[in-house]
$ cat run-v4.cif   # mmCIF, C-alpha atoms
data_target
#
loop_
_atom_site.label_atom_id
_atom_site.label_comp_id
_atom_site.auth_asym_id
_atom_site.auth_seq_id
_atom_site.Cartn_x
_atom_site.Cartn_y
_atom_site.Cartn_z
CA MET A 1 92.03 -31.55 54.74
CA GLY A 2 90.97 -34.63 56.68
CA GLU A 3 87.96 -36.82 56.25
CA LEU A 4 84.84 -34.73 56.77
CA GLN A 5 82.48 -37.67 56.46
CA THR A 6 81.78 -40.43 58.92
CA THR A 7 79.85 -43.67 58.68
CA VAL A 8 77.39 -44.02 61.54
CA THR A 9 75.31 -46.95 62.66
CA MET A 10 72.55 -46.60 65.22
CA THR A 11 69.23 -48.17 66.04
CA VAL A 12 66.26 -45.92 65.40
CA ASN A 13 62.86 -47.05 66.66
CA GLY A 14 64.14 -50.61 66.76
CA GLU A 15 65.62 -50.59 63.27
CA ARG A 16 69.33 -50.64 62.63
CA VAL A 17 70.41 -47.92 60.21
CA THR A 18 73.80 -47.12 58.69
CA ARG A 19 74.59 -43.97 56.73
CA THR A 20 77.68 -42.14 55.62
CA ILE A 21 77.16 -38.52 56.52
CA GLU A 22 79.02 -35.28 57.03
CA SER A 23 80.32 -35.31 60.59
CA ARG A 24 78.59 -32.01 61.30
CA VAL A 25 75.09 -33.38 60.70
CA LEU A 26 73.00 -32.96 63.84
CA LEU A 27 70.96 -35.87 65.10
CA VAL A 28 67.72 -33.99 64.43
CA HIS A 29 68.66 -33.45 60.78
CA PHE A 30 69.78 -37.06 60.48
CA LEU A 31 66.39 -38.22 61.71
CA ARG A 32 64.39 -35.83 59.57
CA GLU A 33 66.39 -35.70 56.37
CA GLU A 34 68.24 -39.02 56.17
CA LEU A 35 65.49 -41.17 57.65
CA GLY A 36 62.40 -39.09 56.83
CA LEU A 37 61.25 -39.11 60.45
CA THR A 38 59.80 -35.62 60.42
CA GLY A 39 57.86 -36.06 63.64
CA THR A 40 60.87 -34.67 65.50
CA HIS A 41 60.70 -30.91 65.09
CA VAL A 42 63.38 -28.24 64.93
CA GLY A 43 62.21 -25.35 67.06
CA CYS A 44 64.71 -22.90 68.45
CA ASP A 45 67.78 -24.86 67.30
CA THR A 46 69.61 -23.54 70.39
CA SER A 47 68.81 -26.28 72.96
CA GLN A 48 66.18 -24.16 74.66
CA CYS A 49 62.74 -25.21 73.42
CA GLY A 50 62.88 -29.00 73.49
CA ALA A 51 60.70 -29.57 70.39
CA CYS A 52 63.50 -31.82 69.08
CA THR A 53 63.56 -34.05 72.18
CA VAL A 54 64.17 -37.74 71.46
CA LEU A 55 65.34 -40.63 73.62
CA LEU A 56 68.99 -41.66 73.33
CA ASP A 57 69.51 -45.00 75.04
CA GLY A 58 66.31 -44.26 76.94
CA GLU A 59 67.31 -40.76 78.06
CA ALA A 60 65.67 -37.56 76.86
CA VAL A 61 68.06 -35.36 74.89
CA LYS A 62 67.71 -32.35 72.62
CA SER A 63 68.61 -33.74 69.21
CA CYS A 64 69.55 -30.28 67.89
CA THR A 65 72.51 -30.33 70.28
CA VAL A 66 73.72 -33.85 69.60
CA LEU A 67 75.76 -34.77 66.54
CA ALA A 68 74.49 -37.80 64.69
CA VAL A 69 77.96 -39.31 65.10
CA GLN A 70 77.55 -39.04 68.88
CA ALA A 71 74.63 -41.47 68.60
CA MET A 72 76.93 -44.08 67.10
CA GLY A 73 75.99 -47.52 68.40
CA LYS A 74 73.14 -46.14 70.48
CA ALA A 75 69.38 -46.61 70.39
CA VAL A 76 67.23 -43.62 69.40
CA THR A 77 63.49 -43.43 69.96
CA THR A 78 61.49 -40.73 68.20
CA ILE A 79 57.80 -39.89 68.39
CA GLU A 80 57.26 -42.33 65.49
CA GLY A 81 58.56 -45.10 67.73
CA LEU A 82 55.98 -44.45 70.43
CA GLU A 83 52.79 -45.78 68.91
CA THR A 84 52.17 -49.28 67.73
CA ASP A 85 48.79 -50.38 66.44
CA ARG A 86 47.17 -48.07 68.92
CA LEU A 87 48.00 -44.80 70.58
CA HIS A 88 50.62 -44.98 73.28
CA PRO A 89 49.13 -44.05 76.68
CA ILE A 90 51.14 -40.82 76.56
CA GLN A 91 49.64 -39.92 73.19
CA GLU A 92 46.25 -40.85 74.56
CA GLY A 93 46.85 -38.64 77.60
CA PHE A 94 47.70 -35.65 75.41
CA TRP A 95 44.66 -36.37 73.21
CA ALA A 96 42.22 -36.84 76.07
CA LYS A 97 43.35 -33.82 78.08
CA HIS A 98 44.02 -31.45 75.16
CA GLY A 99 47.73 -31.31 75.97
CA LEU A 100 48.35 -29.36 72.78
CA GLN A 101 47.01 -26.59 70.64
CA CYS A 102 49.23 -25.88 67.64
CA GLY A 103 51.08 -29.16 68.13
CA PHE A 104 54.56 -27.95 67.28
CA CYS A 105 56.16 -28.76 70.63
CA THR A 106 54.05 -31.88 71.14
CA PRO A 107 56.47 -34.53 69.84
CA GLY A 108 59.15 -33.14 72.15
CA ALA A 109 56.71 -32.79 75.03
CA MET A 110 55.61 -36.42 74.63
CA MET A 111 59.18 -37.73 74.43
CA ALA A 112 60.14 -35.73 77.52
CA THR A 113 57.06 -37.19 79.21
CA THR A 114 58.11 -40.70 78.17
CA TYR A 115 61.45 -40.16 79.88
CA LEU A 116 59.90 -38.51 82.94
CA LEU A 117 57.46 -41.39 83.50
CA SER A 118 60.19 -43.96 82.92
CA GLN A 119 62.11 -42.38 85.80
CA ASN A 120 59.13 -41.65 88.00
CA PRO A 121 55.85 -43.42 87.20
CA ASN A 122 53.90 -41.39 89.79
CA PRO A 123 55.14 -37.81 89.57
CA THR A 124 53.54 -35.02 91.56
CA GLU A 125 52.38 -31.92 89.73
CA GLU A 126 55.55 -30.16 90.85
CA GLN A 127 57.71 -33.01 89.58
CA ILE A 128 55.92 -32.92 86.24
CA ARG A 129 56.56 -29.19 85.91
CA VAL A 130 60.24 -29.63 86.78
CA GLY A 131 60.48 -32.63 84.45
CA LEU A 132 59.07 -30.62 81.55
CA ASP A 133 61.20 -27.56 82.27
CA GLY A 134 63.08 -28.24 79.04
CA ILE A 135 59.95 -27.95 76.89
CA VAL A 136 58.70 -24.57 75.73
CA CYS A 137 55.02 -24.43 74.77
CA ARG A 138 53.62 -21.09 73.66
CA CYS A 139 50.00 -22.22 73.44
CA THR A 140 48.77 -24.11 76.44
CA GLY A 141 50.31 -22.33 79.39
CA TYR A 142 51.29 -25.88 80.39
CA GLU A 143 48.12 -26.53 82.42
CA THR A 144 46.68 -29.03 79.97
CA ILE A 145 50.09 -30.59 79.39
CA VAL A 146 50.40 -31.28 83.12
CA ARG A 147 46.92 -32.85 83.08
CA ALA A 148 47.88 -34.89 80.03
CA VAL A 149 50.93 -36.26 81.81
CA GLN A 150 48.88 -37.05 84.91
CA HIS A 151 46.32 -38.85 82.76
CA ALA A 152 49.03 -40.77 80.91
CA ALA A 153 50.61 -41.81 84.21
CA GLN A 154 47.23 -43.12 85.38
CA LEU A 155 46.70 -45.05 82.16
CA MET A 156 50.17 -46.55 82.32
CA ASN A 157 49.75 -47.55 85.95
CA SER A 158 46.24 -48.91 85.63
CA SER A 159 45.77 -52.64 85.36
CA THR A 160 43.11 -52.18 82.73
CA GLN A 161 45.62 -50.68 80.38
CA THR A 162 45.35 -53.55 77.95
CA GLU A 163 41.63 -52.92 77.61
CA ARG A 164 42.11 -49.48 76.16
CA SER A 165 41.13 -49.49 72.56
CA THR A 166 41.93 -46.20 70.91
CA GLU A 167 42.80 -47.54 67.49
CA VAL A 168 45.23 -45.60 65.38
CA GLY A 169 43.97 -44.00 62.19
CA MET B 1 72.08 -24.38 61.83
CA LEU B 2 75.04 -26.37 60.69
CA THR B 3 78.46 -26.00 62.19
CA ALA B 4 81.44 -25.38 59.94
CA PRO B 5 82.77 -28.65 58.49
CA PHE B 6 85.13 -30.60 60.73
CA GLU B 7 86.83 -33.93 60.96
CA TYR B 8 85.41 -36.20 63.67
CA ARG B 9 87.72 -38.49 65.61
CA ARG B 10 86.64 -40.88 68.31
CA ALA B 11 89.45 -41.31 70.82
CA GLU B 12 90.17 -44.77 72.18
CA ARG B 13 93.29 -43.80 74.15
CA VAL B 14 94.12 -40.65 76.05
CA GLU B 15 97.60 -40.64 74.47
CA ASP B 16 95.96 -40.21 71.07
CA VAL B 17 94.05 -37.16 72.30
CA ILE B 18 97.24 -35.53 73.58
CA GLU B 19 98.98 -36.25 70.30
CA TRP B 20 96.10 -34.98 68.18
CA LEU B 21 95.97 -31.77 70.24
CA SER B 22 99.57 -31.06 69.25
CA ASP B 23 98.54 -30.30 65.64
CA GLU B 24 99.48 -26.64 65.28
CA THR B 25 98.08 -26.20 61.80
CA ARG B 26 94.51 -27.22 62.52
CA GLU B 27 92.48 -26.22 65.56
CA THR B 28 91.53 -29.31 67.50
CA LYS B 29 88.84 -29.28 70.20
CA ILE B 30 87.74 -31.90 72.67
CA LEU B 31 84.07 -32.88 72.46
CA ALA B 32 82.50 -34.22 75.65
CA GLY B 33 78.71 -33.83 76.04
CA GLY B 34 78.75 -31.01 73.52
CA HIS B 35 76.31 -28.79 75.38
CA SER B 36 78.67 -25.84 75.54
CA LEU B 37 80.74 -26.46 72.42
CA LEU B 38 78.07 -27.38 69.86
CA PRO B 39 75.97 -24.22 70.45
CA LEU B 40 79.12 -22.14 69.91
CA MET B 41 79.97 -24.09 66.77
CA LYS B 42 76.45 -23.65 65.41
CA LEU B 43 76.87 -19.90 65.82
CA ARG B 44 80.30 -20.25 64.16
CA LEU B 45 81.86 -18.65 67.21
CA ALA B 46 83.98 -21.80 67.32
CA THR B 47 85.20 -23.40 64.08
CA PRO B 48 87.54 -26.23 65.03
CA ALA B 49 88.93 -28.27 62.15
CA ILE B 50 89.03 -31.44 64.22
CA LEU B 51 86.68 -32.62 66.96
CA VAL B 52 87.94 -35.31 69.30
CA ASP B 53 85.14 -37.26 70.96
CA VAL B 54 86.35 -38.39 74.39
CA SER B 55 83.21 -40.25 75.45
CA ALA B 56 84.92 -43.64 75.19
CA LEU B 57 87.96 -42.80 77.33
CA ARG B 58 88.07 -44.88 80.49
CA GLU B 59 90.35 -42.36 82.23
CA LEU B 60 87.51 -39.82 82.23
CA GLN B 61 84.81 -42.07 83.64
CA GLY B 62 83.64 -43.19 87.02
CA VAL B 63 83.08 -41.94 90.55
CA GLN B 64 84.99 -43.50 93.43
CA GLU B 65 86.57 -42.89 96.80
CA ASP B 66 90.31 -42.82 96.47
CA GLY B 67 92.10 -42.36 99.80
CA GLU B 68 91.31 -38.89 101.10
CA VAL B 69 89.36 -37.76 98.06
CA LEU B 70 86.27 -38.49 96.02
CA ARG B 71 87.36 -38.82 92.41
CA VAL B 72 84.79 -37.75 89.85
CA GLY B 73 85.65 -38.52 86.23
CA ALA B 74 85.54 -35.50 83.91
CA PHE B 75 83.02 -37.23 81.65
CA THR B 76 80.48 -37.57 84.50
CA ARG B 77 77.22 -36.03 83.33
CA TYR B 78 75.09 -33.60 85.36
CA VAL B 79 72.39 -36.24 85.76
CA GLU B 80 74.94 -38.57 87.33
CA LEU B 81 76.36 -35.83 89.57
CA ALA B 82 72.84 -35.16 90.81
CA ARG B 83 71.95 -38.80 91.47
CA HIS B 84 75.14 -40.68 92.29
CA SER B 85 74.91 -41.98 95.86
CA LEU B 86 78.60 -41.40 96.64
CA ILE B 87 78.42 -37.80 95.45
CA ASN B 88 75.14 -37.30 97.33
CA GLN B 89 76.81 -38.51 100.52
CA LYS B 90 80.34 -37.15 100.26
CA ALA B 91 79.97 -33.98 98.21
CA SER B 92 76.29 -33.15 98.27
CA LEU B 93 77.02 -29.56 97.25
CA LEU B 94 78.07 -30.81 93.82
CA SER B 95 74.85 -32.82 93.46
CA GLN B 96 72.78 -29.82 94.48
CA ALA B 97 74.45 -27.55 91.92
CA ALA B 98 74.24 -30.13 89.12
CA ASN B 99 70.56 -30.67 89.80
CA VAL B 100 69.70 -27.09 88.84
CA VAL B 101 71.80 -26.82 85.67
CA GLY B 102 69.72 -26.19 82.55
CA ASP B 103 66.89 -28.64 82.23
CA LEU B 104 66.45 -32.39 82.28
CA GLN B 105 67.54 -32.94 78.69
CA VAL B 106 70.62 -30.76 79.14
CA ARG B 107 71.53 -32.58 82.37
CA ASN B 108 71.38 -35.86 80.48
CA ARG B 109 74.21 -34.72 78.19
CA GLY B 110 76.39 -32.04 79.77
CA THR B 111 79.46 -33.13 81.72
CA ILE B 112 81.36 -31.65 84.65
CA GLY B 113 84.60 -31.64 82.67
CA GLY B 114 82.99 -29.88 79.74
CA SER B 115 81.47 -27.25 81.97
CA LEU B 116 84.68 -26.52 83.88
CA CYS B 117 86.89 -26.38 80.76
CA HIS B 118 84.40 -24.16 78.94
CA ALA B 119 84.62 -21.81 81.96
CA ASP B 120 81.49 -19.84 81.28
CA PRO B 121 81.38 -17.15 83.99
CA ALA B 122 77.66 -17.88 84.36
CA ALA B 123 78.01 -21.64 84.80
CA ASP B 124 76.77 -23.27 88.01
CA LEU B 125 79.43 -25.89 88.67
CA PRO B 126 82.46 -23.61 89.14
CA ALA B 127 80.92 -22.29 92.36
CA ALA B 128 80.49 -25.82 93.71
CA VAL B 129 84.02 -26.98 92.89
CA LEU B 130 85.48 -23.77 94.35
CA ALA B 131 83.59 -24.21 97.62
CA LEU B 132 84.57 -27.88 97.77
CA GLU B 133 88.23 -26.90 97.21
CA ALA B 134 88.44 -29.46 94.45
CA GLN B 135 91.66 -30.33 92.66
CA LEU B 136 91.58 -30.81 88.92
CA VAL B 137 93.56 -33.75 87.55
CA ILE B 138 94.98 -32.74 84.19
CA LEU B 139 96.74 -35.03 81.72
CA GLY B 140 99.25 -33.72 79.21
CA PRO B 141 102.39 -34.58 77.27
CA ASN B 142 104.43 -34.38 80.48
CA GLY B 143 102.17 -36.65 82.49
CA THR B 144 99.67 -35.74 85.19
CA ARG B 145 99.40 -32.47 87.07
CA ARG B 146 96.94 -31.26 89.68
CA GLU B 147 95.63 -27.76 90.03
CA SER B 148 93.21 -26.18 92.47
CA ALA B 149 89.88 -25.09 91.06
CA GLU B 150 90.69 -21.62 92.39
CA ALA B 151 93.79 -21.31 90.18
CA PHE B 152 92.15 -22.97 87.16
CA PHE B 153 89.68 -20.22 86.24
CA MET B 154 91.59 -17.23 84.87
CA ALA B 155 89.04 -15.13 82.98
CA PRO B 156 85.71 -15.64 81.19
CA PHE B 157 86.14 -18.78 79.04
CA VAL B 158 89.85 -18.89 79.89
CA THR B 159 91.48 -21.54 82.08
CA THR B 160 95.04 -22.67 82.69
CA LEU B 161 94.44 -25.77 80.57
CA GLY B 162 97.28 -25.97 78.04
CA ARG B 163 96.73 -26.65 74.36
CA GLN B 164 97.78 -30.29 74.69
CA GLU B 165 96.08 -30.92 78.00
CA ILE B 166 92.88 -32.70 78.92
CA LEU B 167 90.96 -32.61 82.19
CA ALA B 168 90.62 -36.19 83.43
CA ALA B 169 89.01 -35.93 86.84
CA ILE B 170 87.93 -33.72 89.69
CA GLU B 171 89.14 -34.69 93.15
CA ILE B 172 87.07 -33.52 96.10
CA PRO B 173 88.60 -33.75 99.58
CA LEU B 174 86.58 -35.96 101.89
CA SER B 175 87.44 -33.70 104.83
CA THR B 176 84.20 -31.77 104.33
CA GLN B 177 81.94 -34.76 103.68
CA ASN B 178 79.95 -34.12 106.88
CA ALA B 179 79.61 -30.38 106.37
CA ARG B 180 76.26 -28.83 105.60
CA SER B 181 75.92 -27.17 102.25
CA THR B 182 73.61 -25.55 99.78
CA TYR B 183 73.70 -24.15 96.28
CA LEU B 184 71.30 -21.26 95.98
CA LYS B 185 70.65 -19.89 92.54
CA ARG B 186 68.60 -17.12 91.06
CA PRO B 187 68.07 -18.34 87.50
CA HIS B 188 67.64 -15.88 84.67
CA PRO B 189 63.99 -16.31 83.68
CA ALA B 190 64.78 -16.86 80.00
CA SER B 191 68.16 -18.58 79.86
CA GLY B 192 68.12 -20.48 83.14
CA TYR B 193 71.72 -19.44 83.78
CA PRO B 194 72.36 -18.04 87.25
CA VAL B 195 72.07 -14.28 87.61
CA ILE B 196 73.80 -15.24 90.82
CA GLY B 197 74.61 -18.64 92.28
CA VAL B 198 75.97 -19.06 95.80
CA ALA B 199 77.63 -22.29 96.89
CA CYS B 200 77.86 -22.43 100.66
CA LEU B 201 79.52 -25.03 102.84
CA ILE B 202 79.64 -24.77 106.62
CA ASP B 203 81.16 -27.15 109.12
CA ALA B 204 80.01 -26.33 112.62
CA ILE B 205 79.65 -28.51 115.67
CA HIS B 206 76.02 -28.84 116.80
CA ASN B 207 75.19 -25.62 115.00
CA GLN B 208 77.61 -23.86 117.35
CA THR B 209 81.14 -22.78 116.53
CA ILE B 210 81.91 -22.61 112.83
CA GLY B 211 85.10 -24.48 111.97
CA THR B 212 85.03 -24.28 108.19
CA ALA B 213 83.17 -21.74 106.08
CA ARG B 214 83.24 -21.66 102.30
CA LEU B 215 81.32 -19.30 100.07
CA ALA B 216 81.75 -19.35 96.31
CA ILE B 217 79.75 -17.14 94.00
CA THR B 218 79.13 -17.52 90.27
CA GLY B 219 77.26 -15.71 87.52
CA ILE B 220 77.83 -12.18 88.72
CA ALA B 221 81.54 -11.46 88.18
CA SER B 222 83.98 -12.21 85.36
CA THR B 223 84.74 -15.59 86.94
CA ALA B 224 83.35 -17.50 89.88
CA PHE B 225 85.09 -16.39 93.09
CA ARG B 226 85.46 -17.22 96.77
CA ALA B 227 84.10 -14.68 99.24
CA SER B 228 87.19 -15.03 101.41
CA ALA B 229 86.66 -12.04 103.69
CA ALA B 230 83.16 -13.20 104.56
CA GLU B 231 84.42 -16.74 105.17
CA ALA B 232 87.07 -15.46 107.57
CA GLN B 233 84.44 -13.53 109.44
CA LEU B 234 82.29 -16.64 109.86
CA VAL B 235 84.98 -18.95 111.22
CA GLY B 236 84.94 -19.16 115.00
CA GLY B 237 81.50 -17.59 115.21
CA ARG B 238 78.00 -19.00 115.42
CA LEU B 239 75.57 -19.24 112.54
CA ASP B 240 73.11 -16.74 114.03
CA ALA B 241 71.25 -13.87 112.42
CA GLU B 242 73.82 -11.26 113.39
CA THR B 243 76.80 -13.22 112.04
CA ILE B 244 74.94 -14.03 108.84
CA ALA B 245 74.05 -10.38 108.26
CA LYS B 246 77.64 -9.29 108.82
CA ALA B 247 79.08 -11.95 106.52
CA ALA B 248 76.58 -11.11 103.79
CA SER B 249 77.52 -7.42 103.91
CA THR B 250 81.20 -8.27 103.85
CA ALA B 251 80.68 -10.54 100.84
CA ALA B 252 78.84 -7.76 99.00
CA ILE B 253 81.42 -5.07 99.76
CA ASN B 254 84.36 -7.26 98.76
CA ALA B 255 82.85 -8.94 95.68
CA PRO B 256 85.12 -8.41 92.64
CA LEU B 257 82.36 -6.91 90.50
CA ASP B 258 82.85 -4.92 87.35
CA ASP B 259 82.50 -1.21 87.99
CA ASP B 260 79.45 -0.30 85.93
CA GLU B 261 75.90 0.98 86.26
CA HIS B 262 74.79 -2.38 87.68
CA THR B 263 77.32 -2.61 90.49
CA GLU B 264 74.95 -1.52 93.22
CA TYR B 265 72.30 -4.00 92.10
CA LYS B 266 74.85 -6.81 91.94
CA GLN B 267 76.14 -5.97 95.42
CA GLN B 268 72.61 -6.18 96.70
CA LEU B 269 72.15 -9.57 95.01
CA VAL B 270 75.34 -10.83 96.66
CA GLN B 271 74.21 -9.56 100.04
CA VAL B 272 70.72 -11.09 99.76
CA TYR B 273 71.78 -14.44 98.29
CA VAL B 274 74.72 -15.02 100.63
CA SER B 275 72.43 -14.23 103.51
CA ARG B 276 69.74 -16.63 102.26
CA ALA B 277 72.25 -19.38 101.55
CA LEU B 278 73.65 -19.12 105.07
CA GLN B 279 70.14 -19.11 106.53
CA GLN B 280 69.33 -22.26 104.55
CA VAL B 281 72.40 -24.00 105.91
CA ALA B 282 71.64 -22.81 109.44
CA ALA B 283 68.15 -24.29 109.16
CA GLN B 284 69.42 -27.73 108.12
CA GLU B 285 69.21 -30.51 110.68
CA ASP B 286 72.42 -31.92 112.04
#
$ encode --input "run-v4.cif" --output "structure tokens"
Amino acid sequence: MGELQTTVTMTVNGERVTRTIESRVLLVHFLREELGLTGTHVGCDTSQCGACTVLLDGEAVKSCTVLAVQAMGKAVTTIEGLETDRLHPIQEGFWAKHGLQCGFCTPGAMMATTYLLSQNPNPTEEQIRVGLDGIVCRCTGYETIVRAVQHAAQLMNSSTQTERSTEVG
Amino acid sequence: MLTAPFEYRRAERVEDVIEWLSDETRETKILAGGHSLLPLMKLRLATPAILVDVSALRELQGVQEDGEVLRVGAFTRYVELARHSLINQKASLLSQAANVVGDLQVRNRGTIGGSLCHADPAADLPAAVLALEAQLVILGPNGTRRESAEAFFMAPFVTTLGRQEILAAIEIPLSTQNARSTYLKRPHPASGYPVIGVACLIDAIHNQTIGTARLAITGIASTAFRASAAEAQLVGGRLDAETIAKAASTAAINAPLDDDEHTEYKQQLVQVYVSRALQQVAAQED
């Protein structure tokens, strides 16, 4: 029997972390169980629903279908890495436009939105719907999510962005 | 869900991969993007003892023109296939097919090599590589060999790839770089996989006489296949309504479909989607 454990180092939300783990540990479990970052949710666990979406070197991926060892040397951003001392414009967009009901898919939806807007800061409604194709939401019917993304895009593009003052907590 | 335990190895040299694959006592699988393999492993339908991560291998990377072909590294991800300017220009059919695989997150991880070697009969890319008459560059203990995409797919999830072999690149002839093409897919509403996917490539002068016609169909038979009889009917003709209707019927009649209670429905899908794909190509500007 060979070595079933591997030592991985990656940067998560700006912090360098090293752990020795079983090679089969999925990135989502690494984030939740090793690092306590439970904002990333496990939904379907079959790469369909997108609740586990995180950014890997800036790209949206489903962390239930990535091994933690595949993130070796890479930068991971989770929902916890989005806000600073105030809500991120994407969080504010979802809050202002009621882009959630039960909230289960929301971390994934917001990370997918982060990626979408990083690629295309001014998406059309159609582009938003295509961009969020990998997110399954069983509450909203997506209408309010689309509005949330549109609102977030406006906030991020507006020059008065720094004047927003939705304090966290 | 956890996969069964396995040993993880990160390959630095392709020679190491070939050597590791020779282990007859322990099943060794190549891990690329993992978007076909990891779901199988989570269901314990695959339980390899060793996983070889090939993401760092230089031989599998990159997209470049190389003489008469466009060489696409096997580790090229769907997102890159969809966006890469060389692929957009020289083999746009491949970009079009990659752009409708799964969803954005899946396209950020899945690779062309992974998809082709997994050989899911419902995958999108096999249709595109068949219609582009791509050659697969395969490395093994005896060096490099090339095989046509047509010969590569043998049965559902079965290819000619030997136990010690690894797909390094896909070579697409540049001879069809100016042809018009489309990939038309009817996605399953739940899974997103094609119920049928038609890759269509037509080279005709000023929308007049058809010189080259390629039709490859995925999702509906036990492997992706070329609609050769329909192609033959198109060559030398014009891309008008009558020719399109005839070719679509021929494709439907000759499709190698399983003989079951759905055959009639599948034939109709072939007829309708081949017809629509040809109409789309006919409508494209020169």
$ resolve_selection --input "run-v4.cif" --expression "the PyMOL selection byres ((chain A and resi 18-20) around 7)" --output "NGL selection string"
:A and (5-10 or 16-17 or 21)
$ residues_around --input "run-v4.cif" --residues "Cys102 of chain A" --least-positions-apart "6" --cutoff "12 Å" --atoms "only C-alpha atoms" --output "ChimeraX atom specification"
/A:137-140
$ residues_around --input "run-v4.cif" --residues "Val66 of chain A" --least-positions-apart "4" --cutoff "8 Å" --atoms "all atoms listed in the file" --output "list of chain:residue names"
A:Leu26, A:Leu27, A:Val28, A:Val61, A:Lys62, A:Gln70, A:Ala71, B:Gly34, B:Leu38
$ interface_residues --input "run-v4.cif" --of "chain B" --to "chain A" --cutoff "12 Å" --atoms "all atoms listed in the file" --output "MDAnalysis selection string"
chainID B and resid 1:10 25:26 31:43 47:56 79 83 99:110 189:193
$ resolve_selection --input "run-v4.cif" --expression "the PyMOL selection byres ((chain B and resi 213) around 8)" --output "ChimeraX atom specification"
/B:200-203,210-212,214-215,231-232,234-235
$ atom_distance --input "run-v4.cif" --atom1 "atom CA of Ile172 of chain B" --atom2 "atom CA of Val198 of chain B"
18.2 Å
$ residues_around --input "run-v4.cif" --residues "segment 267-277 of chain B" --least-positions-apart "4" --cutoff "6 Å" --atoms "only C-alpha atoms" --output "PyMOL selection string"
chain B and resi 184+244+248-249+252
$ resolve_selection --input "run-v4.cif" --expression "the PyMOL selection byres ((chain A and resi 32-42) around 7)" --output "list in words"
Val28, His29, Phe30, Leu31, Gly43, Cys44, Asp45, Ala51, Cys52, Thr78, Ile79, Glu80 and Pro107 of chain A
$ atom_distance --input "run-v4.cif" --atom1 "atom CA of Arg77 of chain B" --atom2 "atom CA of Gln284 of chain B"
27.3 Å
$ residues_near_point --input "run-v4.cif" --point "(45.5, -38.5, 76.9)" --cutoff "10 Å" --atoms "only C-alpha atoms" --output "number ranges by chain"
A: 87-99, 145, 147-155
$ atom_distance --input "run-v4.cif" --atom1 "atom CA of Ala91 of chain B" --atom2 "atom CA of Ala255 of chain B"
25.3 Å
$ closest_residue --input "run-v4.cif" --among "B:Ala247, B:Leu239, B:Leu94, B:Ala229" --to "Ala134 of chain B" --atoms "only C-alpha atoms"
B:Leu94
$ residues_near_point --input "run-v4.cif" --point "(72.4, -47.8, 70.4)" --cutoff "7 Å" --atoms "all atoms listed in the file" --output "PyMOL selection string"
chain A and resi 10-11+57+71-76
$ axis_aligned_box --input "run-v4.cif" --around "segment 190-206 of chain B" --padding-each-side "8 Å" --output "AutoDock Vina command-line options"
--center_x 73.0 --center_y -21.6 --center_z 98.3 --size_x 32.4 --size_y 30.6 --size_z 52.9
$ build_atoms --input "run-v4.cif" --residues "segment 85-93 of chain B" --atoms "N, CA, C and O atoms" --output "short mmCIF file (atom, residue, chain, number, x, y, z; two decimals), keeping the file's coordinate frame"
data_model
loop_
_atom_site.label_atom_id
_atom_site.label_comp_id
_atom_site.auth_asym_id
_atom_site.auth_seq_id
_atom_site.Cartn_x
_atom_site.Cartn_y
_atom_site.Cartn_z
N SER B 85 75.03 -41.90 94.40
CA SER B 85 74.91 -41.98 95.86
C SER B 85 76.20 -41.52 96.56
O SER B 85 76.13 -40.84 97.58
N LEU B 86 77.34 -41.84 96.01
CA LEU B 86 78.60 -41.40 96.64
C LEU B 86 78.72 -39.87 96.63
O LEU B 86 79.15 -39.28 97.62
N ILE B 87 78.34 -39.27 95.52
CA ILE B 87 78.42 -37.80 95.45
C ILE B 87 77.38 -37.19 96.38
O ILE B 87 77.66 -36.22 97.09
N ASN B 88 76.18 -37.77 96.41
CA ASN B 88 75.14 -37.30 97.33
C ASN B 88 75.64 -37.30 98.77
O ASN B 88 75.38 -36.39 99.54
N GLN B 89 76.37 -38.36 99.13
CA GLN B 89 76.81 -38.51 100.52
C GLN B 89 78.05 -37.69 100.84
O GLN B 89 78.16 -37.10 101.90
N LYS B 90 79.02 -37.69 99.93
CA LYS B 90 80.34 -37.15 100.26
C LYS B 90 80.56 -35.72 99.76
O LYS B 90 81.46 -35.04 100.23
N ALA B 91 79.78 -35.33 98.77
CA ALA B 91 79.97 -33.98 98.21
C ALA B 91 78.62 -33.48 97.71
O ALA B 91 78.44 -33.16 96.54
N SER B 92 77.68 -33.43 98.65
CA SER B 92 76.29 -33.15 98.27
C SER B 92 76.15 -31.79 97.58
O SER B 92 75.26 -31.58 96.76
N LEU B 93 77.06 -30.87 97.90
CA LEU B 93 77.02 -29.56 97.25
C LEU B 93 77.10 -29.69 95.73
O LEU B 93 76.40 -28.99 94.99
#
